[in-house]
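Containing TSV, C-alpha atoms and all ligand atoms: final-v6.tsv.
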chain	number	residue	atom	x	y	z
Y	1	MET	CA	108.46	98.48	22.28
Y	2	GLY	CA	111.75	96.76	23.12
Y	3	ASP	CA	112.87	97.05	19.52
Y	4	GLN	CA	115.02	100.16	18.98
Y	5	GLY	CA	113.94	102.50	16.17
Y	6	PHE	CA	110.36	101.24	16.02
Y	7	LEU	CA	108.41	104.02	14.34
Y	8	VAL	CA	104.77	103.22	15.02
Y	9	GLN	CA	103.74	105.42	17.98
Y	10	LYS	CA	100.58	103.66	19.13
Y	11	PRO	CA	100.72	100.10	17.78
Y	12	GLY	CA	97.56	97.96	17.93
Y	13	PHE	CA	97.08	94.82	20.02
Y	14	ALA	CA	98.43	92.34	17.45
Y	15	THR	CA	101.46	94.51	16.58
Y	16	THR	CA	102.25	94.89	20.27
Y	17	ALA	CA	101.98	91.12	20.82
Y	18	ILE	CA	104.50	90.51	18.03
Y	19	ARG	CA	107.04	93.26	18.76
Y	20	ALA	CA	106.90	94.28	22.43
Y	21	GLY	CA	109.88	93.17	24.51
Y	22	HIS	CA	111.88	91.77	21.61
Y	23	ASP	CA	115.47	93.01	21.89
Y	24	PRO	CA	117.84	91.82	19.12
Y	25	SER	CA	120.86	92.64	21.32
Y	26	TYR	CA	120.01	89.60	23.45
Y	27	CYS	CA	121.75	87.56	20.77
Y	28	THR	CA	124.64	88.34	18.48
Y	29	SER	CA	123.03	87.49	15.14
Y	30	GLU	CA	120.25	90.12	14.96
Y	31	ALA	CA	117.77	87.24	15.09
Y	32	VAL	CA	114.15	88.17	14.40
Y	33	VAL	CA	112.95	85.54	16.88
Y	34	THR	CA	113.82	85.88	20.57
Y	35	PRO	CA	116.42	83.23	21.51
Y	36	ILE	CA	116.01	80.71	24.34
Y	37	VAL	CA	118.83	81.66	26.70
Y	38	THR	CA	119.40	78.72	29.02
Y	39	SER	CA	122.46	80.07	30.85
Y	40	THR	CA	121.85	80.14	34.61
Y	41	THR	CA	124.67	82.64	35.20
Y	42	PHE	CA	126.07	85.69	33.38
Y	43	LYS	CA	129.60	87.07	33.06
Y	44	GLN	CA	130.28	90.18	35.17
Y	45	PRO	CA	132.64	92.99	34.04
Y	46	ALA	CA	134.07	93.42	37.58
Y	47	PRO	CA	133.34	91.99	41.04
Y	48	GLY	CA	130.00	93.30	42.29
Y	49	GLU	CA	129.13	94.84	38.92
Y	50	TYR	CA	126.83	93.43	36.24
Y	51	LYS	CA	125.34	94.60	32.94
Y	52	ARG	CA	121.74	93.39	32.80
Y	53	PHE	CA	121.67	89.87	34.18
Y	54	LYS	CA	123.67	88.02	36.81
Y	55	TYR	CA	121.78	84.87	37.88
Y	56	GLY	CA	118.86	83.08	36.17
Y	57	ARG	CA	116.44	83.14	39.10
Y	58	SER	CA	116.56	86.93	39.38
Y	59	GLY	CA	116.42	87.56	35.63
Y	60	ASN	CA	116.84	85.94	32.21
Y	61	PRO	CA	116.68	87.47	28.69
Y	62	THR	CA	113.94	85.11	27.41
Y	63	ARG	CA	111.84	85.67	30.53
Y	64	ASN	CA	112.46	89.42	30.32
Y	65	THR	CA	111.16	89.51	26.75
Y	66	LEU	CA	107.98	87.68	27.76
Y	67	GLU	CA	107.43	89.90	30.81
Y	68	GLN	CA	107.79	93.10	28.75
Y	69	CYS	CA	105.35	91.77	26.16
Y	70	LEU	CA	102.81	90.82	28.85
Y	71	ALA	CA	103.03	94.28	30.43
Y	72	ALA	CA	102.54	95.98	27.04
Y	73	LEU	CA	99.44	93.90	26.24
Y	74	ASP	CA	97.71	95.23	29.36
Y	75	GLY	CA	99.00	98.77	28.80
Y	76	ALA	CA	100.94	98.31	32.06
Y	77	LYS	CA	104.41	99.25	33.29
Y	78	HIS	CA	105.40	95.93	34.86
Y	79	ALA	CA	104.84	92.18	34.50
Y	80	LEU	CA	106.34	89.26	36.44
Y	81	THR	CA	106.10	85.60	35.52
Y	82	PHE	CA	105.90	82.54	37.80
Y	83	SER	CA	106.09	78.77	37.38
Y	84	SER	CA	102.27	78.46	37.60
Y	85	GLY	CA	99.14	80.56	38.04
Y	86	LEU	CA	99.00	79.44	41.65
Y	87	GLY	CA	102.67	80.44	41.99
Y	88	ALA	CA	101.64	83.96	40.98
Y	89	THR	CA	98.80	83.86	43.54
Y	90	THR	CA	101.13	82.58	46.29
Y	91	THR	CA	103.60	85.39	45.57
Y	92	ILE	CA	100.91	88.09	45.54
Y	93	ALA	CA	99.40	86.73	48.79
Y	94	SER	CA	102.91	86.84	50.32
Y	95	LEU	CA	102.68	90.66	50.21
Y	96	LEU	CA	100.54	90.21	53.34
Y	97	SER	CA	101.66	89.58	56.93
Y	98	GLN	CA	100.25	87.64	59.84
Y	99	GLY	CA	97.06	89.33	61.10
Y	100	ASP	CA	96.08	90.80	57.71
Y	101	HIS	CA	92.69	90.11	56.11
Y	102	ILE	CA	91.65	89.10	52.55
Y	103	ILE	CA	88.17	89.54	50.99
Y	104	ALA	CA	87.61	87.02	48.19
Y	105	SER	CA	84.66	86.05	45.99
Y	106	ASP	CA	82.75	82.93	47.07
Y	107	ASP	CA	83.09	81.01	43.79
Y	108	LEU	CA	86.83	81.36	43.18
Y	109	TYR	CA	88.92	78.99	41.09
Y	110	GLY	CA	89.26	75.85	43.27
Y	111	GLY	CA	93.05	76.06	43.66
Y	112	THR	CA	92.88	79.70	44.82
Y	113	ASP	CA	90.11	78.80	47.25
Y	114	ARG	CA	92.24	75.93	48.63
Y	115	LEU	CA	95.37	78.12	48.97
Y	116	PHE	CA	93.42	80.80	50.88
Y	117	ARG	CA	91.45	78.36	53.07
Y	118	ALA	CA	94.06	75.68	53.81
Y	119	VAL	CA	97.38	77.54	53.67
Y	120	MET	CA	96.94	81.30	54.20
Y	121	THR	CA	94.68	80.88	57.25
Y	122	ARG	CA	97.30	78.55	58.79
Y	123	LEU	CA	99.88	81.34	58.33
Y	124	GLY	CA	97.64	83.67	60.36
Y	125	ILE	CA	95.94	85.51	57.48
Y	126	GLU	CA	92.15	85.91	57.77
Y	127	VAL	CA	89.92	85.35	54.74
Y	128	THR	CA	86.26	86.28	54.18
Y	129	PHE	CA	84.46	84.77	51.17
Y	130	THR	CA	81.43	86.65	49.87
Y	131	ASP	CA	79.19	87.11	46.81
Y	132	PHE	CA	80.76	89.93	44.78
Y	133	THR	CA	77.59	90.51	42.76
Y	134	ASN	CA	76.00	91.81	46.01
Y	135	MET	CA	77.64	95.16	46.97
Y	136	GLU	CA	75.97	95.28	50.42
Y	137	LEU	CA	77.54	91.92	51.34
Y	138	VAL	CA	80.95	93.09	50.12
Y	139	LYS	CA	80.66	96.35	52.10
Y	140	SER	CA	79.96	94.46	55.31
Y	141	ALA	CA	82.99	92.18	54.75
Y	142	PHE	CA	85.59	94.95	55.27
Y	143	LYS	CA	87.59	95.02	58.51
Y	144	LYS	CA	90.27	97.34	59.90
Y	145	ASN	CA	92.95	94.84	58.86
Y	146	THR	CA	91.67	94.25	55.27
Y	147	LYS	CA	94.68	94.46	52.93
Y	148	LEU	CA	93.66	92.55	49.80
Y	149	MET	CA	90.54	92.07	47.66
Y	150	TRP	CA	90.68	89.09	45.30
Y	151	LEU	CA	88.16	88.78	42.50
Y	152	GLU	CA	87.52	86.76	39.40
Y	153	THR	CA	85.27	87.86	36.55
Y	154	PRO	CA	83.59	86.04	34.90
Y	155	THR	CA	83.49	83.32	37.56
Y	156	ASN	CA	83.83	79.60	37.06
Y	157	PRO	CA	81.65	77.65	36.21
Y	158	LEU	CA	78.68	80.01	36.71
Y	159	LEU	CA	80.02	82.92	34.59
Y	160	LYS	CA	78.92	85.60	37.05
Y	161	VAL	CA	80.30	89.01	36.01
Y	162	VAL	CA	81.32	91.46	38.74
Y	163	ASP	CA	81.82	95.21	38.39
Y	164	ILE	CA	85.60	95.80	38.59
Y	165	ALA	CA	85.31	99.63	38.73
Y	166	ALA	CA	82.67	99.65	41.51
Y	167	LEU	CA	84.56	97.08	43.61
Y	168	SER	CA	87.90	98.91	43.14
Y	169	ARG	CA	86.28	102.20	44.26
Y	170	LEU	CA	84.81	100.48	47.31
Y	171	ALA	CA	88.19	98.94	48.21
Y	172	LYS	CA	89.97	102.31	47.86
Y	173	SER	CA	87.41	103.96	50.15
Y	174	HIS	CA	88.64	101.56	52.86
Y	175	GLY	CA	92.26	102.71	52.67
Y	176	ASP	CA	95.22	100.87	51.22
Y	177	VAL	CA	93.46	97.70	50.00
Y	178	ILE	CA	95.19	96.03	47.04
Y	179	VAL	CA	92.67	94.92	44.38
Y	180	VAL	CA	93.66	91.83	42.39
Y	181	VAL	CA	91.68	90.57	39.38
Y	182	ASP	CA	92.22	87.03	38.10
Y	183	ASN	CA	91.89	87.72	34.34
Y	184	THR	CA	92.59	84.14	33.20
Y	185	PHE	CA	89.19	83.60	31.53
Y	186	LEU	CA	89.38	86.64	29.24
Y	187	THR	CA	93.06	87.65	28.69
Y	188	SER	CA	94.27	91.20	28.04
Y	189	TYR	CA	92.64	90.98	24.60
Y	190	LEU	CA	89.09	90.98	26.01
Y	191	GLN	CA	89.44	92.77	29.38
Y	192	ARG	CA	92.03	95.15	30.89
Y	193	PRO	CA	91.27	95.40	34.64
Y	194	LEU	CA	93.92	98.08	35.36
Y	195	ASP	CA	91.83	100.49	33.23
Y	196	PHE	CA	88.97	99.97	35.72
Y	197	GLY	CA	90.98	100.70	38.88
Y	198	ALA	CA	92.45	97.29	39.80
Y	199	ASP	CA	96.03	97.25	41.16
Y	200	ILE	CA	97.27	93.85	40.00
Y	201	ILE	CA	96.12	91.47	37.25
Y	202	MET	CA	96.83	87.80	37.91
Y	203	TYR	CA	96.98	85.29	35.06
Y	204	SER	CA	97.13	81.57	34.74
Y	205	LEU	CA	99.04	81.79	31.44
Y	206	THR	CA	98.39	78.03	31.25
Y	207	LYS	CA	94.96	78.76	29.73
Y	208	TYR	CA	94.20	81.20	26.85
Y	209	MET	CA	97.39	83.28	27.02
Y	210	ASN	CA	99.52	80.25	26.10
Y	211	GLY	CA	96.52	78.56	24.48
Y	212	HIS	CA	98.22	75.32	23.39
Y	213	SER	CA	97.72	73.24	26.57
Y	214	ASP	CA	101.45	72.54	26.85
Y	215	VAL	CA	102.81	74.96	29.49
Y	216	ILE	CA	101.93	75.66	33.15
Y	217	MET	CA	102.79	79.30	33.99
Y	218	GLY	CA	101.41	82.38	35.72
Y	219	ALA	CA	101.88	86.16	35.76
Y	220	ALA	CA	101.22	89.34	37.71
Y	221	VAL	CA	100.78	92.59	35.74
Y	222	LEU	CA	100.71	96.05	37.35
Y	223	ASN	CA	101.57	99.77	37.16
Y	224	ASP	CA	102.66	100.66	40.70
Y	225	ASP	CA	106.47	100.94	41.03
Y	226	GLU	CA	106.58	100.26	44.77
Y	227	LEU	CA	104.36	97.15	44.52
Y	228	ASN	CA	106.50	95.97	41.60
Y	229	THR	CA	109.68	96.27	43.69
Y	230	ARG	CA	108.06	94.25	46.48
Y	231	LEU	CA	106.83	91.57	44.06
Y	232	ARG	CA	110.24	91.35	42.31
Y	233	PHE	CA	111.83	90.81	45.72
Y	234	LEU	CA	109.30	88.03	46.47
Y	235	GLN	CA	109.66	86.44	43.00
Y	236	ASN	CA	113.40	86.07	43.65
Y	237	SER	CA	113.09	85.22	47.36
Y	238	LEU	CA	110.35	82.58	47.01
Y	239	GLY	CA	111.93	81.33	43.77
Y	240	ILE	CA	108.68	80.45	41.98
Y	241	VAL	CA	110.15	81.21	38.53
Y	242	PRO	CA	109.44	79.71	35.08
Y	243	SER	CA	112.02	78.09	32.79
Y	244	PRO	CA	113.43	79.90	29.71
Y	245	MET	CA	112.03	77.12	27.46
Y	246	ASP	CA	108.51	77.69	28.77
Y	247	CYS	CA	108.94	81.47	28.52
Y	248	TYR	CA	109.84	81.03	24.87
Y	249	LEU	CA	106.70	78.95	24.23
Y	250	VAL	CA	104.35	81.40	25.94
Y	251	ASN	CA	105.94	84.37	24.18
Y	252	ARG	CA	105.51	82.55	20.87
Y	253	SER	CA	101.84	81.87	21.70
Y	254	LEU	CA	101.17	85.56	22.38
Y	255	LYS	CA	101.91	86.32	18.71
Y	256	THR	CA	98.59	84.68	17.78
Y	257	LEU	CA	96.57	85.70	20.85
Y	258	ALA	CA	94.47	88.26	18.95
Y	259	LEU	CA	93.61	85.77	16.19
Y	260	ARG	CA	92.85	82.96	18.62
Y	261	MET	CA	90.67	85.07	20.92
Y	262	GLU	CA	88.65	86.42	17.98
Y	263	GLN	CA	87.86	82.86	16.91
Y	264	HIS	CA	87.15	81.59	20.47
Y	265	LYS	CA	84.81	84.57	20.95
Y	266	LYS	CA	82.97	84.05	17.68
Y	267	SER	CA	82.59	80.25	17.89
Y	268	ALA	CA	81.50	80.25	21.56
Y	269	LEU	CA	78.84	82.91	20.95
Y	270	THR	CA	77.51	81.00	17.92
Y	271	ILE	CA	77.29	77.79	19.99
Y	272	ALA	CA	75.68	79.63	22.93
Y	273	GLN	CA	73.00	81.03	20.59
Y	274	TRP	CA	72.46	77.58	19.05
Y	275	LEU	CA	72.09	75.97	22.52
Y	276	GLU	CA	69.59	78.67	23.62
Y	277	LYS	CA	67.22	77.45	20.89
Y	278	HIS	CA	67.66	73.74	21.67
Y	279	PRO	CA	64.50	72.22	23.26
Y	280	LYS	CA	66.48	70.23	25.87
Y	281	ILE	CA	68.56	73.21	27.07
Y	282	THR	CA	67.04	75.19	29.94
Y	283	GLU	CA	69.70	77.88	30.49
Y	284	VAL	CA	72.85	79.14	28.78
Y	285	LEU	CA	75.32	81.00	31.03
Y	286	HIS	CA	77.27	83.24	28.63
Y	287	PRO	CA	77.98	86.96	29.38
Y	288	GLY	CA	77.61	87.87	25.69
Y	289	LEU	CA	73.91	86.89	25.62
Y	290	PRO	CA	71.35	89.65	26.40
Y	291	THR	CA	69.65	87.13	28.77
Y	292	HIS	CA	72.75	87.08	31.05
Y	293	PRO	CA	71.92	88.84	34.38
Y	294	GLN	CA	75.08	91.02	34.23
Y	295	HIS	CA	75.12	91.56	30.47
Y	296	GLU	CA	75.29	95.37	30.91
Y	297	ILE	CA	78.37	95.22	33.19
Y	298	ALA	CA	79.93	92.75	30.74
Y	299	LYS	CA	79.45	95.24	27.88
Y	300	LYS	CA	81.05	98.02	29.96
Y	301	GLN	CA	84.26	96.22	30.94
Y	302	MET	CA	84.74	93.43	28.36
Y	303	THR	CA	85.19	93.65	24.59
Y	304	GLY	CA	83.64	90.20	24.20
Y	305	HIS	CA	83.66	86.82	25.91
Y	306	SER	CA	86.14	83.95	25.40
Y	307	GLY	CA	85.41	80.29	24.61
Y	308	THR	CA	84.48	79.12	28.11
Y	309	PHE	CA	80.85	79.04	29.25
Y	310	SER	CA	78.27	76.71	30.79
Y	311	PHE	CA	74.73	75.51	30.13
Y	312	ARG	CA	71.99	73.55	31.92
Y	313	HIS	CA	69.86	70.84	30.31
Y	314	SER	CA	66.53	69.38	31.35
Y	315	GLY	CA	67.95	65.96	32.34
Y	316	GLY	CA	70.04	64.86	35.31
Y	317	LEU	CA	73.27	63.01	36.02
Y	318	LYS	CA	72.40	60.15	33.64
Y	319	GLU	CA	71.86	62.47	30.66
Y	320	SER	CA	75.04	64.45	31.50
Y	321	LYS	CA	77.09	61.24	31.52
Y	322	ILE	CA	75.69	59.94	28.21
Y	323	PHE	CA	76.11	63.38	26.60
Y	324	LEU	CA	79.74	63.78	27.71
Y	325	SER	CA	80.73	60.20	26.82
Y	326	SER	CA	79.14	60.54	23.35
Y	327	LEU	CA	81.09	63.62	22.27
Y	328	GLN	CA	83.57	62.98	19.46
Y	329	VAL	CA	85.10	66.37	18.64
Y	330	PHE	CA	84.89	67.87	22.15
Y	331	ILE	CA	87.29	66.03	24.49
Y	332	LEU	CA	86.04	65.09	27.96
Y	333	ALA	CA	88.68	66.77	30.14
Y	334	GLU	CA	89.28	69.48	32.75
Y	335	SER	CA	91.03	72.79	32.01
Y	336	LEU	CA	90.20	75.37	29.34
Y	337	GLY	CA	91.65	77.90	26.93
Y	338	GLY	CA	93.46	75.61	24.49
Y	339	TYR	CA	92.98	75.26	20.72
Y	340	GLU	CA	91.13	71.97	21.34
Y	341	SER	CA	87.50	71.95	22.49
Y	342	LEU	CA	86.83	70.45	25.92
Y	343	ALA	CA	83.67	69.57	27.86
Y	344	GLU	CA	83.30	68.66	31.52
Y	345	LEU	CA	80.87	68.07	34.38
Y	346	PRO	CA	81.85	70.44	37.26
Y	347	THR	CA	80.09	68.43	40.03
Y	348	LEU	CA	82.22	65.33	39.34
Y	349	MET	CA	85.34	66.98	37.88
Y	350	THR	CA	86.63	70.56	38.42
Y	351	HIS	CA	84.39	71.28	41.42
Y	352	ALA	CA	84.26	67.80	42.99
Y	353	SER	CA	86.17	69.01	46.07
Y	354	LEU	CA	83.31	71.34	47.09
Y	355	SER	CA	80.88	69.98	49.70
Y	356	PRO	CA	77.38	68.96	48.46
Y	357	GLU	CA	75.95	71.86	50.51
Y	358	ARG	CA	78.24	74.40	48.85
Y	359	LEU	CA	77.51	73.03	45.37
Y	360	GLU	CA	73.79	73.31	46.02
Y	361	LEU	CA	74.12	76.81	47.52
Y	362	LEU	CA	76.05	78.02	44.46
Y	363	GLY	CA	73.69	76.27	42.02
Y	364	ILE	CA	76.26	73.87	40.57
Y	365	THR	CA	74.11	70.83	39.73
Y	366	ASP	CA	74.53	67.56	37.79
Y	367	SER	CA	72.80	69.12	34.77
Y	368	LEU	CA	75.37	71.94	34.48
Y	369	ILE	CA	77.95	71.32	31.74
Y	370	ARG	CA	80.99	73.53	31.09
Y	371	LEU	CA	82.46	73.90	27.59
Y	372	SER	CA	85.79	75.30	26.47
Y	373	VAL	CA	85.17	76.02	22.79
Y	374	GLY	CA	88.39	75.62	20.79
Y	375	LEU	CA	89.45	76.51	17.28
Y	376	GLU	CA	87.99	73.62	15.24
Y	377	ASP	CA	85.46	74.27	12.45
Y	378	ILE	CA	82.24	75.58	13.97
Y	379	ASP	CA	80.03	73.21	11.91
Y	380	ASP	CA	81.87	70.18	13.29
Y	381	LEU	CA	81.45	71.44	16.86
Y	382	ILE	CA	77.71	72.05	16.50
Y	383	LYS	CA	77.16	68.68	14.77
Y	384	ASP	CA	79.00	67.01	17.65
Y	385	LEU	CA	76.88	68.69	20.35
Y	386	ASP	CA	73.71	67.91	18.39
Y	387	GLN	CA	74.43	64.17	18.04
Y	388	ALA	CA	75.48	63.82	21.70
Y	389	LEU	CA	72.33	65.63	22.94
Y	390	LYS	CA	70.21	63.32	20.73
Y	391	LEU	CA	71.81	60.23	22.30
Y	392	ALA	CA	71.40	61.62	25.83
Y	393	PHE	CA	67.70	62.38	25.40
Y	394	GLU	CA	66.50	59.61	23.05
V	1	LIG	C1	93.89	77.38	36.03
V	1	LIG	C2	93.50	78.58	36.79
V	1	LIG	C3	94.30	79.07	37.85
V	1	LIG	C4	95.55	78.36	38.34
V	1	LIG	O1	96.56	78.37	37.38
V	1	LIG	P1	97.68	77.21	37.22
V	1	LIG	O2	98.48	77.71	36.08
V	1	LIG	O3	96.95	75.93	36.96
V	1	LIG	O4	98.43	77.16	38.51
V	1	LIG	C5	93.89	80.23	38.50
V	1	LIG	N1	92.76	80.88	38.13
V	1	LIG	C6	91.96	80.43	37.14
V	1	LIG	C7	90.72	81.19	36.80
V	1	LIG	C8	92.30	79.27	36.44
V	1	LIG	O5	91.48	78.84	35.46
Translate this structure into structure tokens?
Amino acid sequence: MGDQGFLVQKPGFATTAIRAGHDPSYCTSEAVVTPIVTSTTFKQPAPGEYKRFKYGRSGNPTRNTLEQCLAALDGAKHALTFSSGLGATTTIASLLSQGDHIIASDDLYGGTDRLFRAVMTRLGIEVTFTDFTNMELVKSAFKKNTKLMWLETPTNPLLKVVDIAALSRLAKSHGDVIVVVDNTFLTSYLQRPLDFGADIIMYSLTKYMNGHSDVIMGAAVLNDDELNTRLRFLQNSLGIVPSPMDCYLVNRSLKTLALRMEQHKKSALTIAQWLEKHPKITEVLHPGLPTHPQHEIAKKQMTGHSGTFSFRHSGGLKESKIFLSSLQVFILAESLGGYESLAELPTLMTHASLSPERLELLGITDSLIRLSVGLEDIDDLIKDLDQALKLAFE
């Protein structure tokens, strides 16, 4: 806890979210709420000496508060924030040098896939994409120069769950391979990858962590001191840093993360169970359902699933279009993790940049719909889905 004299030894998740990192000495008035410090530079006591901060890119009190809170929520020693999730990814990938090799899962978030394929390979870094639910394939992907393993679980939009502990063990048996888990879909409230052997957790804070669809930001969370020093150096050298205003907003959002995630979890599971019984729905892809192929791994490493999942219906493109255009509570839009419910068609929206062959290979078809279940009343959400399905199939 940043707060001096805090007596609770092992605070719970919600207490940690509210108190961790807050340091009243950052302002003069003993304010209960962390101030937004906009100053880009800080007064030094003597040339070459400084107290805690000297220049806003290398450190800022509001950003510091947020970073300490983020570290505490994952039970970690260190957290660094960046101006976007992809900024965090770029910084982590910059730990590598020309000639190094990355192993990444084959259905990564589109922006990560694009960064690895179109930018990292041009800088002389090799990348192998493989199916992380198949351990034999992953084993055969390792090379002498493998330095980084990048995984996402659950994946998007197919909600495949991969075994973080097994993959981390495999990576460690191949020497000094850094294991990164993109934990954007679940947050530290539902999954803590460091506890399962991962080295770095990457977040797009833009999604659930901020949860109000009004800030783009990313983070890296870790325990290793040496890796932290290298990432701090890169954060300052590459300059991909967030603004104090945005840090204030994300820190404020973390205070309700536990409450929000509980509701996302509950509403999404209720809707998934309702959809499973609907005559026009052929498959519901939700890790919390016993029918999910990796339900057992999900139970081992997650304490529940968030609000984002997908389903398949018995129609085609026409029915998907009528369904999505008929929704009144769910908003037809990309992204996920906000308080508002969203629905989208991956083939024409979030995954439109994938080739038709790749979409088919992965099983992303025109009858696959992705939902981000928000915080509205559950009855209104179910009524909305019901009326839109009726219109699509009448
Ligand atoms: C959105 C997202 C990102 C990228 O984050 P930005 O904040 O948009 O840069 C990375 N991974 C996942 C899983 C995402 O959903």
Open item on the list: Taking all atoms listed in the file and a cut-off of 8 Å, can you tell me which residues surround ligand LIG 1 (chain V), written as a list of chain:residue names?
Closed with: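 Sorted by chain and then by number, the residues are Y:Ser83, Y:Ser84, Y:Gly85, Y:Leu86, Y:Gly87, Y:Ala88, Y:Thr89, Y:Leu108, Y:Tyr109, Y:Gly110, Y:Gly111, Y:Thr112, Y:Glu152, Y:Thr155, Y:Asn156, Y:Asp182, Y:Asn183, Y:Thr184, Y:Phe185, Y:Tyr203, Y:Ser204, Y:Leu205, Y:Thr206, Y:Lys207, Y:Ile216, Y:Met217, Y:Gly218, Y:Ser335, Y:Leu336.
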Please determine the residues with any atom at most 7 Å from (105.5, 86.0, 35.7) (coordinates as given in the file, with only C-alpha atoms counting) and report them as a tab-separated table (two decimals) with C-alpha atoms, keeping the file's coordinate frame.
chain	number	residue	atom	x	y	z
Y	67	GLU	CA	107.43	89.90	30.81
Y	79	ALA	CA	104.84	92.18	34.50
Y	80	LEU	CA	106.34	89.26	36.44
Y	81	THR	CA	106.10	85.60	35.52
Y	82	PHE	CA	105.90	82.54	37.80
Y	88	ALA	CA	101.64	83.96	40.98
Y	218	GLY	CA	101.41	82.38	35.72
Y	219	ALA	CA	101.88	86.16	35.76
Y	220	ALA	CA	101.22	89.34	37.71
Open item on the list: Would you compute the distance between atom CA of Phe132 of chain Y and atom CA of Glu276 of chain Y? Give it in Å to one decimal.
Closed with: 26.4 Å
Open item on the list: To one decimal place in Å, what is the distance between atom CA of Ile201 of chain Y and atom CA of Val181 of chain Y?
Closed with: 5.0 Å
Task: Residue contacts of Ala14 of chain Y (12 Å, only C-alpha atoms) excluding same-chain residues fewer than 6 positions away, as a PyMOL selection string - done: chain Y and resi 20+69+72-73+188-189+253-262
Task: Test item: residues at most 9 Å from Val329 of chain Y, only C-alpha atoms, excluding those fewer than 2 positions along its chain, as a PyMOL selection string - done: chain Y and resi 327+331+340-342+376+380-381+384-385
TODO: Could you tell me how far atom CA of Asn236 of chain Y lies from atom CA of His78 of chain Y, in Å and to one decimal?
DONE: 15.4 Å
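Within 9 Å of the point (96.8, 96.6, 31.4) in file coordinates, and counting all atoms listed in the file, lie the residues Leu70, Ala71, Ala72, Leu73, Asp74, Gly75, Ala76, Lys77, Ser188, Gln191, Arg192, Pro193, Leu194, Asp195, Ile201, Val221, Leu222 and Asn223 of chain Y.
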